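Student: Sharing start39.pdb (PDB, C-alpha atoms (C1' of nucleotides)) below.
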ATOM      1  CA  MET A1372       0.000   0.000   0.000
ATOM      2  CA  THR A1373       1.558   3.207  -1.180
ATOM      3  CA  ASP A1374       1.693   6.508   0.566
ATOM      4  CA  LEU A1375      -1.016   7.971  -1.645
ATOM      5  CA  SER A1376      -3.428   5.083  -1.276
ATOM      6  CA  GLU A1377      -2.956   5.184   2.453
ATOM      7  CA  LYS A1378      -3.914   8.832   2.491
ATOM      8  CA  LEU A1379      -7.079   8.026   0.582
ATOM      9  CA  LYS A1380      -7.933   5.188   2.912
ATOM     10  CA  ASN A1381      -7.327   7.249   6.013
ATOM     11  CA  SER A1382      -9.648   9.884   4.664
ATOM     12  CA  GLY A1383     -12.437   7.381   4.295
ATOM     13  CA  LEU A1384     -12.353   7.497   0.524
ATOM     14  CA  LYS A1385     -12.289   4.456  -1.686
ATOM     15  CA  ILE A1386      -9.116   3.786  -3.568
ATOM     16  CA  THR A1387      -9.908   4.001  -7.253
ATOM     17  CA  PRO A1388      -7.424   4.096 -10.126
ATOM     18  CA  GLN A1389      -8.760   7.477 -11.206
ATOM     19  CA  ARG A1390      -8.268   9.025  -7.799
ATOM     20  CA  MET A1391      -4.800   7.574  -7.565
ATOM     21  CA  GLU A1392      -3.905   9.106 -10.903
ATOM     22  CA  VAL A1393      -5.148  12.519  -9.850
ATOM     23  CA  MET A1394      -3.240  12.312  -6.582
ATOM     24  CA  ARG A1395      -0.116  11.156  -8.333
ATOM     25  CA  TYR A1396      -0.288  13.907 -10.919
ATOM     26  CA  ILE A1397      -1.008  16.722  -8.496
ATOM     27  CA  SER A1398       1.488  15.596  -5.882
ATOM     28  CA  GLY A1399       4.063  14.866  -8.550
ATOM     29  CA  THR A1400       4.878  18.437  -9.423
ATOM     30  CA  LEU A1401       5.979  20.210  -6.287
ATOM     31  CA  ASN A1402       4.137  23.479  -5.867
ATOM     32  CA  GLY A1403       2.211  22.821  -9.029
ATOM     33  CA  HIS A1404      -1.131  24.393  -9.872
ATOM     34  CA  PHE A1405      -3.672  22.628 -12.017
ATOM     35  CA  THR A1406      -7.019  23.373 -13.568
ATOM     36  CA  ALA A1407      -9.591  20.655 -14.125
ATOM     37  CA  GLU A1408      -8.602  20.766 -17.769
ATOM     38  CA  ASP A1409      -4.911  20.254 -16.943
ATOM     39  CA  ILE A1410      -5.756  17.167 -14.947
ATOM     40  CA  HIS A1411      -8.148  15.965 -17.602
ATOM     41  CA  GLU A1412      -5.492  16.248 -20.307
ATOM     42  CA  GLU A1413      -3.059  14.307 -18.173
ATOM     43  CA  LEU A1414      -5.435  11.486 -17.345
ATOM     44  CA  LYS A1415      -6.557  11.184 -20.948
ATOM     45  CA  LYS A1416      -3.048  10.007 -21.769
ATOM     46  CA  THR A1417      -3.711   6.701 -20.086
ATOM     47  CA  GLU A1418      -7.500   6.731 -20.134
ATOM     48  CA  PRO A1419      -8.590   8.606 -23.253
ATOM     49  CA  THR A1420     -12.328   8.481 -22.595
ATOM     50  CA  ILE A1421     -12.367   9.750 -19.031
ATOM     51  CA  PRO A1422     -14.882  12.593 -18.759
ATOM     52  CA  ILE A1423     -14.016  15.887 -17.174
ATOM     53  CA  SER A1424     -16.935  15.536 -14.801
ATOM     54  CA  THR A1425     -15.023  12.731 -13.130
ATOM     55  CA  ILE A1426     -12.130  15.117 -12.602
ATOM     56  CA  TYR A1427     -14.481  17.524 -10.902
ATOM     57  CA  ASN A1428     -15.974  14.764  -8.780
ATOM     58  CA  ILE A1429     -12.552  13.604  -7.709
ATOM     59  CA  THR A1430     -11.096  17.008  -6.982
ATOM     60  CA  ARG A1431     -14.120  17.906  -4.932
ATOM     61  CA  ALA A1432     -13.875  14.707  -2.915
ATOM     62  CA  LEU A1433     -10.157  15.173  -2.361
ATOM     63  CA  SER A1434     -10.458  18.784  -1.351
ATOM     64  CA  GLU A1435     -13.337  18.008   0.991
ATOM     65  CA  VAL A1436     -11.147  15.663   2.967
ATOM     66  CA  GLY A1437      -8.198  18.031   2.761
ATOM     67  CA  LEU A1438      -5.956  15.986   0.481
ATOM     68  CA  LEU A1439      -5.666  18.901  -1.874
ATOM     69  CA  LYS A1440      -6.443  22.566  -1.839
ATOM     70  CA  ALA A1441      -8.795  24.285  -4.225
ATOM     71  CA  PHE A1442      -9.186  27.945  -4.928
ATOM     72  CA  GLU A1443     -10.637  30.000  -7.731
ATOM     73  CA  ILE A1444      -8.889  32.439  -9.952
ATOM     74  CA  ASN A1445     -10.175  34.200 -13.049
ATOM     75  CA  GLY A1446     -13.395  32.276 -12.923
ATOM     76  CA  ARG A1447     -11.954  28.830 -12.640
ATOM     77  CA  MET A1448     -10.909  26.346 -10.045
ATOM     78  CA  VAL A1449      -7.254  25.710  -9.409
ATOM     79  CA  PHE A1450      -6.042  22.695  -7.494
ATOM     80  CA  GLU A1451      -2.761  22.224  -5.693
ATOM     81  CA  SER A1452      -1.178  19.676  -3.420
ATOM     82  CA  ASN A1453       0.341  22.279  -1.142
ATOM     83  CA  ILE A1454      -2.191  22.262   1.674
ATOM     84  CA  GLU A1455      -0.143  24.496   3.951
ATOM     85  CA  THR A1456      -1.484  28.010   4.425
ATOM     86  CA  HIS A1457       0.297  30.106   1.845
ATOM     87  CA  ALA A1458      -0.304  32.781  -0.743
ATOM     88  CA  ASN A1459      -0.724  32.145  -4.442
ATOM     89  CA  PHE A1460       0.717  34.693  -6.791
ATOM     90  CA  TYR A1461      -0.905  34.951 -10.195
ATOM     91  CA  CYS A1462       1.121  36.704 -12.857
ATOM     92  CA  THR A1463      -1.130  38.573 -15.261
ATOM     93  CA  SER A1464       1.674  38.602 -17.798
ATOM     94  CA  CYS A1465       2.626  34.925 -18.078
ATOM     95  CA  ASN A1466      -0.467  33.490 -16.352
ATOM     96  CA  GLU A1467       1.676  31.351 -14.092
ATOM     97  CA  ILE A1468       0.761  30.763 -10.487
ATOM     98  CA  SER A1469       3.471  30.458  -7.874
ATOM     99  CA  ASP A1470       3.421  29.761  -4.175
ATOM    100  CA  ILE A1471       4.514  32.363  -1.722
ATOM    101  CA  ALA A1472       5.294  31.273   1.794
ATOM    102  CA  ILE A1473       3.879  33.254   4.659
ATOM    103  CA  SER A1474       5.337  33.203   8.127
ATOM    104  CA  SER A1475       3.529  31.393  10.887
ATOM    105  CA  ALA A1476       3.258  34.689  12.747
ATOM    106  CA  ILE A1477       1.239  36.111   9.872
ATOM    107  CA  LYS A1478      -0.813  32.944   9.558
ATOM    108  CA  GLU A1479      -1.783  33.333  13.195
ATOM    109  CA  SER A1480      -2.712  36.943  12.827
ATOM    110  CA  LEU A1481      -4.859  36.269   9.763
ATOM    111  CA  ILE A1482      -7.269  34.140  11.720
ATOM    112  CA  PRO A1483      -9.827  36.280  13.529
ATOM    113  CA  HIS A1484     -10.752  35.457  17.099
ATOM    114  CA  ASN A1485     -14.122  33.886  17.779
ATOM    115  CA  PHE A1486     -14.444  32.744  14.193
ATOM    116  CA  VAL A1487     -14.207  29.169  13.099
ATOM    117  CA  VAL A1488     -12.022  29.341  10.014
ATOM    118  CA  THR A1489     -11.983  26.284   7.801
ATOM    119  CA  ASP A1490     -10.302  27.734   4.745
ATOM    120  CA  ILE A1491      -7.980  30.562   3.841
ATOM    121  CA  SER A1492      -7.450  31.741   0.303
ATOM    122  CA  LEU A1493      -4.869  34.435  -0.235
ATOM    123  CA  ILE A1494      -4.383  35.383  -3.847
ATOM    124  CA  LEU A1495      -2.058  38.073  -5.078
ATOM    125  CA  LYS A1496      -2.139  39.327  -8.641
ATOM    126  CA  GLY A1497       0.505  41.280 -10.446
ATOM    127  CA  VAL A1498       3.626  40.794 -12.482
ATOM    128  CA  CYS A1499       6.172  38.214 -11.459
ATOM    129  CA  ASN A1500       9.865  38.780 -11.244
ATOM    130  CA  LYS A1501      10.653  37.058 -14.515
ATOM    131  CA  CYS A1502       8.103  39.032 -16.533
ATOM    132  CA  ASN A1503       9.021  42.266 -14.824
ATOM    133  CA  VAL A1504      12.653  41.893 -15.838
ATOM    134  CA  LYS A1505      11.599  41.111 -19.400
ATOM    135  CA  GLU A1506       9.401  44.175 -19.588
ATOM    136  CA  ILE A1507      12.115  46.468 -18.288
ATOM    137  CA  ALA A1508      14.579  45.016 -20.782
ATOM    138  CA  ALA A1509      12.095  45.493 -23.626
ATOM    139  CA  GLU A1510      11.651  49.163 -22.756
ATOM    140  CA  ALA A1511      15.390  49.870 -22.907
TER     141      ALA A1511
ATOM    142  CA  MET B 141     -21.616  67.807  -8.732
ATOM    143  CA  THR B 142     -21.864  65.148  -6.101
ATOM    144  CA  ASP B 143     -19.091  63.210  -4.479
ATOM    145  CA  LEU B 144     -19.864  60.119  -6.528
ATOM    146  CA  SER B 145     -20.012  61.854  -9.877
ATOM    147  CA  GLU B 146     -16.752  63.573  -9.103
ATOM    148  CA  LYS B 147     -15.124  60.220  -8.479
ATOM    149  CA  LEU B 148     -16.354  58.989 -11.831
ATOM    150  CA  LYS B 149     -15.122  62.082 -13.587
ATOM    151  CA  ASN B 150     -11.717  61.942 -11.953
ATOM    152  CA  SER B 151     -11.371  58.355 -13.080
ATOM    153  CA  GLY B 152     -11.961  59.341 -16.676
ATOM    154  CA  LEU B 153     -15.319  57.603 -16.810
ATOM    155  CA  LYS B 154     -18.424  59.216 -18.169
ATOM    156  CA  ILE B 155     -21.165  60.000 -15.725
ATOM    157  CA  THR B 156     -24.188  57.945 -16.669
ATOM    158  CA  PRO B 157     -27.320  57.439 -14.601
ATOM    159  CA  GLN B 158     -26.687  53.692 -14.531
ATOM    160  CA  ARG B 159     -23.193  54.092 -13.156
ATOM    161  CA  MET B 160     -24.372  56.574 -10.600
ATOM    162  CA  GLU B 161     -27.022  54.144  -9.421
ATOM    163  CA  VAL B 162     -24.505  51.332  -9.051
ATOM    164  CA  MET B 163     -22.119  53.589  -7.152
ATOM    165  CA  ARG B 164     -24.892  54.860  -4.935
ATOM    166  CA  TYR B 165     -26.126  51.366  -4.145
ATOM    167  CA  ILE B 166     -22.727  49.856  -3.455
ATOM    168  CA  SER B 167     -21.400  52.782  -1.464
ATOM    169  CA  GLY B 168     -24.685  53.130   0.368
ATOM    170  CA  THR B 169     -24.350  50.074   2.529
ATOM    171  CA  LEU B 170     -21.150  50.367   4.488
ATOM    172  CA  ASN B 171     -19.097  47.221   4.213
ATOM    173  CA  GLY B 172     -21.708  45.696   1.951
ATOM    174  CA  HIS B 173     -21.088  42.857  -0.491
ATOM    175  CA  PHE B 174     -23.055  42.518  -3.686
ATOM    176  CA  THR B 175     -23.347  40.063  -6.517
ATOM    177  CA  ALA B 176     -24.218  41.185 -10.030
ATOM    178  CA  GLU B 177     -27.675  39.853  -9.361
ATOM    179  CA  ASP B 178     -28.029  41.905  -6.181
ATOM    180  CA  ILE B 179     -27.187  45.063  -8.063
ATOM    181  CA  HIS B 180     -29.426  44.070 -10.934
ATOM    182  CA  GLU B 181     -32.395  43.564  -8.635
ATOM    183  CA  GLU B 182     -31.793  46.936  -7.044
ATOM    184  CA  LEU B 183     -31.521  48.849 -10.304
ATOM    185  CA  LYS B 184     -34.591  47.139 -11.716
ATOM    186  CA  LYS B 185     -36.623  48.942  -9.082
ATOM    187  CA  THR B 186     -36.177  52.211 -10.928
ATOM    188  CA  GLU B 187     -35.294  50.883 -14.375
ATOM    189  CA  PRO B 188     -37.135  47.578 -14.813
ATOM    190  CA  THR B 189     -35.667  46.689 -18.190
ATOM    191  CA  ILE B 190     -31.993  47.165 -17.440
ATOM    192  CA  PRO B 191     -30.088  44.061 -18.531
ATOM    193  CA  ILE B 192     -27.649  42.296 -16.242
ATOM    194  CA  SER B 193     -24.930  42.651 -18.863
ATOM    195  CA  THR B 194     -24.939  46.359 -18.159
ATOM    196  CA  ILE B 195     -24.295  45.587 -14.516
ATOM    197  CA  TYR B 196     -21.298  43.521 -15.524
ATOM    198  CA  ASN B 197     -20.052  46.256 -17.853
ATOM    199  CA  ILE B 198     -20.362  48.853 -15.141
ATOM    200  CA  THR B 199     -18.804  46.817 -12.363
ATOM    201  CA  ARG B 200     -15.892  45.944 -14.586
ATOM    202  CA  ALA B 201     -15.316  49.582 -15.541
ATOM    203  CA  LEU B 202     -15.563  50.701 -11.923
ATOM    204  CA  SER B 203     -13.228  48.022 -10.630
ATOM    205  CA  GLU B 204     -10.714  48.713 -13.391
ATOM    206  CA  VAL B 205     -10.347  52.281 -12.207
ATOM    207  CA  GLY B 206     -10.395  51.214  -8.580
ATOM    208  CA  LEU B 207     -13.728  52.685  -7.566
ATOM    209  CA  LEU B 208     -14.830  49.341  -6.291
ATOM    210  CA  LYS B 209     -13.255  46.039  -5.477
ATOM    211  CA  ALA B 210     -14.194  42.750  -7.072
ATOM    212  CA  PHE B 211     -13.379  39.252  -5.952
ATOM    213  CA  GLU B 212     -14.798  35.845  -6.601
ATOM    214  CA  ILE B 213     -16.328  33.462  -4.153
ATOM    215  CA  ASN B 214     -18.165  30.224  -4.800
ATOM    216  CA  GLY B 215     -17.959  30.744  -8.508
ATOM    217  CA  ARG B 216     -19.316  34.229  -8.653
ATOM    218  CA  MET B 217     -18.144  37.788  -8.556
ATOM    219  CA  VAL B 218     -18.698  39.848  -5.458
ATOM    220  CA  PHE B 219     -18.383  43.609  -5.465
ATOM    221  CA  GLU B 220     -17.729  45.907  -2.555
ATOM    222  CA  SER B 221     -17.021  49.580  -2.007
ATOM    223  CA  ASN B 222     -14.370  48.927   0.605
ATOM    224  CA  ILE B 223     -11.244  49.268  -1.488
ATOM    225  CA  GLU B 224      -8.868  49.106   1.457
ATOM    226  CA  THR B 225      -6.829  45.925   1.735
ATOM    227  CA  HIS B 226      -8.810  43.697   4.050
ATOM    228  CA  ALA B 227     -10.013  40.149   4.450
ATOM    229  CA  ASN B 228     -13.473  38.951   3.530
ATOM    230  CA  PHE B 229     -15.017  36.331   5.720
ATOM    231  CA  TYR B 230     -17.582  34.066   4.112
ATOM    232  CA  CYS B 231     -19.843  32.197   6.511
ATOM    233  CA  THR B 232     -20.771  28.811   5.087
ATOM    234  CA  SER B 233     -23.719  28.679   7.432
ATOM    235  CA  CYS B 234     -25.561  31.945   6.716
ATOM    236  CA  ASN B 235     -23.753  32.776   3.439
ATOM    237  CA  GLU B 236     -23.021  36.279   4.639
ATOM    238  CA  ILE B 237     -19.766  38.006   3.834
ATOM    239  CA  SER B 238     -18.195  40.331   6.343
ATOM    240  CA  ASP B 239     -15.110  42.483   6.265
ATOM    241  CA  ILE B 240     -12.226  41.788   8.558
ATOM    242  CA  ALA B 241      -9.649  44.490   9.043
ATOM    243  CA  ILE B 242      -6.003  43.588   8.827
ATOM    244  CA  SER B 243      -3.271  45.664  10.355
ATOM    245  CA  SER B 244      -0.999  47.692   8.144
ATOM    246  CA  ALA B 245       1.940  45.681   9.449
ATOM    247  CA  ILE B 246       0.375  42.527   8.047
ATOM    248  CA  LYS B 247      -0.554  44.264   4.804
ATOM    249  CA  GLU B 248       3.089  45.169   4.361
ATOM    250  CA  SER B 249       4.303  41.694   5.041
ATOM    251  CA  LEU B 250       1.833  40.144   2.620
ATOM    252  CA  ILE B 251       3.421  41.873  -0.328
ATOM    253  CA  PRO B 252       6.451  39.969  -1.575
ATOM    254  CA  HIS B 253       9.566  41.892  -2.489
ATOM    255  CA  ASN B 254      10.472  42.226  -6.147
ATOM    256  CA  PHE B 255       6.919  41.504  -7.202
ATOM    257  CA  VAL B 256       4.582  44.076  -8.605
ATOM    258  CA  VAL B 257       1.337  43.408  -6.797
ATOM    259  CA  THR B 258      -1.773  45.016  -8.247
ATOM    260  CA  ASP B 259      -4.422  43.122  -6.347
ATOM    261  CA  ILE B 260      -4.796  41.229  -3.093
ATOM    262  CA  SER B 261      -7.680  38.932  -2.359
ATOM    263  CA  LEU B 262      -7.853  37.391   1.061
ATOM    264  CA  ILE B 263     -10.858  35.224   1.640
ATOM    265  CA  LEU B 264     -11.574  33.292   4.781
ATOM    266  CA  LYS B 265     -14.307  30.695   4.989
ATOM    267  CA  GLY B 266     -15.856  29.239   8.070
ATOM    268  CA  VAL B 267     -18.649  29.862  10.533
ATOM    269  CA  CYS B 268     -19.291  33.346  11.804
ATOM    270  CA  ASN B 269     -19.813  34.266  15.392
ATOM    271  CA  LYS B 270     -23.560  34.565  15.130
ATOM    272  CA  CYS B 271     -24.019  31.158  13.525
ATOM    273  CA  ASN B 272     -21.552  29.545  15.848
ATOM    274  CA  VAL B 273     -23.503  30.700  18.896
ATOM    275  CA  LYS B 274     -26.719  29.420  17.335
ATOM    276  CA  GLU B 275     -25.227  26.024  16.653
ATOM    277  CA  ILE B 276     -23.898  25.667  20.180
ATOM    278  CA  ALA B 277     -27.283  26.652  21.571
ATOM    279  CA  ALA B 278     -29.027  24.136  19.318
ATOM    280  CA  GLU B 279     -26.822  21.325  20.578
ATOM    281  CA  ALA B 280     -27.612  22.019  24.221
TER     282      ALA B 280
ATOM    283  C1'  DA C 307     -24.107  -7.395  -0.364
ATOM    284  C1'  DT C 308     -23.820  -2.846   0.106
ATOM    285  C1'  DT C 309     -22.320   1.525  -0.769
ATOM    286  C1'  DA C 310     -19.664   4.517  -3.282
ATOM    287  C1'  DC C 311     -17.762   5.908  -7.624
ATOM    288  C1'  DT C 312     -17.352   6.435 -12.607
ATOM    289  C1'  DG C 313     -18.930   7.656 -17.149
ATOM    290  C1'  DC C 314     -21.937   9.864 -19.945
ATOM    291  C1'  DA C 315     -25.174  13.311 -21.362
ATOM    292  C1'  DA C 316     -27.593  17.068 -20.377
ATOM    293  C1'  DA C 317     -28.443  21.000 -17.738
ATOM    294  C1'  DT C 318     -27.195  24.994 -15.065
ATOM    295  C1'  DA C 319     -25.055  29.148 -13.672
ATOM    296  C1'  DC C 320     -22.450  32.981 -14.485
ATOM    297  C1'  DT C 321     -20.152  36.066 -17.385
ATOM    298  C1'  DT C 322     -18.723  37.916 -21.794
ATOM    299  C1'  DT C 323     -19.307  39.559 -26.450
ATOM    300  C1'  DG C 324     -20.967  41.755 -30.798
ATOM    301  C1'  DC C 325     -23.437  45.171 -32.560
ATOM    302  C1'  DA C 326     -26.952  48.782 -33.267
ATOM    303  C1'  DA C 327     -28.985  52.584 -30.873
ATOM    304  C1'  DT C 328     -28.284  56.095 -27.623
ATOM    305  C1'  DT C 329     -26.035  59.279 -24.637
ATOM    306  C1'  DG C 330     -22.321  62.134 -22.481
ATOM    307  C1'  DT C 331     -18.675  65.279 -23.368
TER     308       DT C 331
ATOM    309  C1'  DA D1066     -19.322  65.564 -33.800
ATOM    310  C1'  DC D1067     -16.992  61.995 -31.485
ATOM    311  C1'  DA D1068     -16.160  58.481 -28.533
ATOM    312  C1'  DA D1069     -18.008  55.913 -24.951
ATOM    313  C1'  DT D1070     -21.807  53.438 -23.012
ATOM    314  C1'  DT D1071     -26.208  51.075 -22.895
ATOM    315  C1'  DG D1072     -29.462  47.502 -24.168
ATOM    316  C1'  DC D1073     -30.381  43.388 -26.162
ATOM    317  C1'  DA D1074     -29.635  38.827 -27.811
ATOM    318  C1'  DA D1075     -26.727  35.330 -28.301
ATOM    319  C1'  DA D1076     -22.706  32.790 -27.331
ATOM    320  C1'  DG D1077     -19.167  31.063 -24.395
ATOM    321  C1'  DT D1078     -17.011  28.885 -20.402
ATOM    322  C1'  DA D1079     -16.751  26.385 -16.336
ATOM    323  C1'  DT D1080     -18.978  23.468 -13.334
ATOM    324  C1'  DT D1081     -22.716  20.542 -11.566
ATOM    325  C1'  DT D1082     -26.234  17.020 -11.671
ATOM    326  C1'  DG D1083     -28.998  12.743 -12.498
ATOM    327  C1'  DC D1084     -28.770   8.289 -13.345
ATOM    328  C1'  DA D1085     -27.426   3.713 -15.009
ATOM    329  C1'  DG D1086     -23.618   0.707 -14.868
ATOM    330  C1'  DT D1087     -19.483  -0.689 -12.462
ATOM    331  C1'  DA D1088     -16.146  -1.312  -8.967
ATOM    332  C1'  DA D1089     -14.411  -1.157  -4.139
ATOM    333  C1'  DT D1090     -15.036  -2.665   0.547
TER     334       DT D1090
END
Using structure tokens, write down the structure that the file contains.

Tutor:
Amino acid sequence: MTDLSEKLKNSGLKITPQRMEVMRYISGTLNGHFTAEDIHEELKKTEPTIPISTIYNITRALSEVGLLKAFEINGRMVFESNIETHANFYCTSCNEISDIAISSAIKESLIPHNFVVTDISLILKGVCNKCNVKEIAAEA
Amino acid sequence: MTDLSEKLKNSGLKITPQRMEVMRYISGTLNGHFTAEDIHEELKKTEPTIPISTIYNITRALSEVGLLKAFEINGRMVFESNIETHANFYCTSCNEISDIAISSAIKESLIPHNFVVTDISLILKGVCNKCNVKEIAAEA
DNA sequence: ATTACTGCAAATACTTTGCAATTGT
DNA sequence: ACAATTGCAAAGTATTTGCAGTAAT
């Protein structure tokens, strides 16, 4: 029994090949960010007829038990395996999303007293370092 | 020339009755949160045939010039007049959104160095105080 | 054996777009 | 007069749902 299947089992979810594939793909790329379509494209490689609704079903199940984190950006869901509280930076120039760590002191302070917080989504938008350098170079 | 129309003018936007109505409605309720549908329902009171696409056009124009803030939650846009950096708390029990202030020290620390940040969206989900009290009372 | 999950198709929900008519500057 | 905005209809995109068949426990 692998690490991933154990996680599924411990979460009370059944171990299906499709779920394993999603877990494997999402956990595979460290700090990766995936849309339902990304995952769909990947799974179609080995299972060409898998419908995208199954991807949605799986990602919802996995995020409900906390095995992955879901957030929405530009009108679509994005899934990631990094379930630690962190910020996601979306670059409006290259459309890439990158993780930004936040200190535990800040994490603490973000949670309001007397509120039961089950989910934190911190999304920054702007221009990433790489694109910013490019743009400055292009102006010169 | 009212305060609101001056804001529009200064932003380079034309002053139309529809925009004024949206501004008035959104700024009217302090710390209010509105979906396109909310605004649509409100404007229909005085202009019954106004299409919802106009609401979307207006909210986009206003948020582009920074006269209101837009974020997405549960697959839909939410608009608010509070353009200060703050957190929005979504209660999964009563579906209400409330503002949560964050200190300027935290604001500072949220912005990564070397990144050009144009937008910050901090959304917390959980159970608000009011609902939490109700639930505890119901259990007793 | 039972319950949960997948696959498929269709529906839903929200937002955007194109364009002609109108309005603000 | 000119450019921007509204109103309308239609399209587009992302996600959800119902249900029959299948697979996991």

Student: Show me, as a JSON list (two decimals) with C-alpha atoms (C1' of nucleotides), keeping the file's coordinate frame, the residues that have an atom within 10 Å of DT1081 in chain D when counting all atoms listed in the file, minus same-chain residues fewer than 4 positions from it.

Tutor:
[["chain", "number", "residue", "atom", "x", "y", "z"],
["A", 1424, "SER", "CA", -16.93, 15.54, -14.80],
["A", 1427, "TYR", "CA", -14.48, 17.52, -10.90],
["A", 1428, "ASN", "CA", -15.97, 14.76, -8.78],
["C", 317, "DA", "C1'", -28.44, 21.00, -17.74],
["C", 318, "DT", "C1'", -27.20, 24.99, -15.06],
["C", 319, "DA", "C1'", -25.06, 29.15, -13.67]]

Student: Given the file above and the PyMOL selection byres ((chain C) within 9 of (chain B)), which residues are selected, and can you give them as an NGL selection string?

Tutor: :C and (319-322 or 329-331)

Student: With C-alpha atoms (C1' of nucleotides) retained, export the selected residues as a CSV table (one decimal), in the frame of the given file.

Tutor:
chain,number,residue,atom,x,y,z
C,319,DA,C1',-25.1,29.1,-13.7
C,320,DC,C1',-22.4,33.0,-14.5
C,321,DT,C1',-20.2,36.1,-17.4
C,322,DT,C1',-18.7,37.9,-21.8
C,329,DT,C1',-26.0,59.3,-24.6
C,330,DG,C1',-22.3,62.1,-22.5
C,331,DT,C1',-18.7,65.3,-23.4

Student: Once you count all atoms listed in the file, which residues of chain D turn out to be within 12 Å of chain A? Could you give them as a PDB file with C-alpha atoms (C1' of nucleotides), in the frame of the given file?

Tutor:
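The resulting file, part-v9.pdb, is shown below:
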ATOM      1  C1'  DT D1078     -17.011  28.885 -20.402  1.00  0.00           C
ATOM      2  C1'  DA D1079     -16.751  26.385 -16.336  1.00  0.00           C
ATOM      3  C1'  DT D1080     -18.978  23.468 -13.334  1.00  0.00           C
ATOM      4  C1'  DT D1081     -22.716  20.542 -11.566  1.00  0.00           C
ATOM      5  C1'  DT D1082     -26.234  17.020 -11.671  1.00  0.00           C
ATOM      6  C1'  DT D1087     -19.483  -0.689 -12.462  1.00  0.00           C
ATOM      7  C1'  DA D1088     -16.146  -1.312  -8.967  1.00  0.00           C
ATOM      8  C1'  DA D1089     -14.411  -1.157  -4.139  1.00  0.00           C
ATOM      9  C1'  DT D1090     -15.036  -2.665   0.547  1.00  0.00           C
TER      10       DT D1090
END

Student: Apply the PyMOL selection byres ((chain A and resi 1425) around 10) to the structure shown and report the selected residues as a CSV table (one decimal) with C-alpha atoms (C1' of nucleotides), keeping the file's coordinate frame.

Tutor:
chain,number,residue,atom,x,y,z
A,1389,GLN,CA,-8.8,7.5,-11.2
A,1390,ARG,CA,-8.3,9.0,-7.8
A,1407,ALA,CA,-9.6,20.7,-14.1
A,1411,HIS,CA,-8.1,16.0,-17.6
A,1421,ILE,CA,-12.4,9.8,-19.0
A,1422,PRO,CA,-14.9,12.6,-18.8
A,1423,ILE,CA,-14.0,15.9,-17.2
A,1424,SER,CA,-16.9,15.5,-14.8
A,1426,ILE,CA,-12.1,15.1,-12.6
A,1427,TYR,CA,-14.5,17.5,-10.9
A,1428,ASN,CA,-16.0,14.8,-8.8
A,1429,ILE,CA,-12.6,13.6,-7.7
A,1430,THR,CA,-11.1,17.0,-7.0
A,1431,ARG,CA,-14.1,17.9,-4.9
C,311,DC,C1',-17.8,5.9,-7.6
C,312,DT,C1',-17.4,6.4,-12.6
C,313,DG,C1',-18.9,7.7,-17.1

Student: Neighbours of Ile1491 in chain A within 8 Å (all atoms listed in the file; same-chain residues fewer than 6 positions away dropped), as a list in words?

Tutor: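 The residues satisfying every condition are Thr1456 of chain A; Leu262, Ile263, Leu264 and Lys265 of chain B.
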
Student: What separation in Å, quoted to one decimal, exists between CA of His1404 in chain A and CA of Asn1466 in chain A?

Tutor: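 So the answer is 11.2 Å.
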
Student: Sort by chain and increasing residue number a table of all residues of chain A within 10 Å of chain B, each with its closest pair of atoms and their distance in Å to one decimal, counting only C-alpha atoms, and write it as CSV.

Tutor:
residue,atom,partner,partner_atom,distance
A:Phe1442,CA,B:Ile213,CA,9.1
A:Glu1443,CA,B:Glu212,CA,7.3
A:Ile1444,CA,B:Glu212,CA,7.6
A:Asn1445,CA,B:Glu212,CA,8.1
A:Gly1446,CA,B:Gly215,CA,6.5
A:Arg1447,CA,B:Gly215,CA,7.5
A:Met1448,CA,B:Gly215,CA,8.5
A:Ala1458,CA,B:Leu250,CA,8.4
A:Asn1459,CA,B:Ser261,CA,9.9
A:Phe1460,CA,B:Val257,CA,8.7
A:Tyr1461,CA,B:Val257,CA,9.4
A:Cys1462,CA,B:Val257,CA,9.0
A:Thr1463,CA,B:Thr258,CA,9.5
A:Ile1471,CA,B:Pro252,CA,7.9
A:Ala1472,CA,B:Pro252,CA,9.4
A:Ile1473,CA,B:Leu250,CA,7.5
A:Ser1474,CA,B:Ser249,CA,9.1
A:Ala1476,CA,B:Ile246,CA,9.6
A:Ile1477,CA,B:Ile246,CA,6.7
A:Lys1478,CA,B:Ile246,CA,9.8
A:Ser1480,CA,B:Ile246,CA,8.0
A:Leu1481,CA,B:Ile242,CA,7.5
A:Ile1482,CA,B:Leu264,CA,8.2
A:Pro1483,CA,B:Ile240,CA,7.8
A:His1484,CA,B:Asn269,CA,9.3
A:Asn1485,CA,B:Asn269,CA,6.2
A:Phe1486,CA,B:Cys268,CA,5.4
A:Val1487,CA,B:Val267,CA,5.2
A:Val1488,CA,B:Gly266,CA,4.3
A:Thr1489,CA,B:Gly266,CA,4.9
A:Asp1490,CA,B:Lys265,CA,5.0
A:Ile1491,CA,B:Leu264,CA,4.6
A:Ser1492,CA,B:Ile263,CA,5.1
A:Leu1493,CA,B:Leu262,CA,4.4
A:Ile1494,CA,B:Ser261,CA,5.1
A:Leu1495,CA,B:Ile260,CA,4.6
A:Lys1496,CA,B:Asp259,CA,5.0
A:Gly1497,CA,B:Val257,CA,4.3
A:Val1498,CA,B:Val256,CA,5.2
A:Cys1499,CA,B:Phe255,CA,5.4
A:Asn1500,CA,B:Phe255,CA,5.7
A:Lys1501,CA,B:Phe255,CA,9.3
A:Cys1502,CA,B:Phe255,CA,9.7
A:Asn1503,CA,B:Val256,CA,7.9
A:Val1504,CA,B:Asn254,CA,9.9

Student: Let me have the centre and edge lengths of the axis-aligned box enclosing all listed atoms of range 1413-1432 of chain A with 3 Å padding on every side, in Å to one decimal, as AutoDock Vina command-line options.

Tutor:
--center_x -10.0 --center_y 12.3 --center_z -13.1 --size_x 19.9 --size_y 17.2 --size_z 26.3
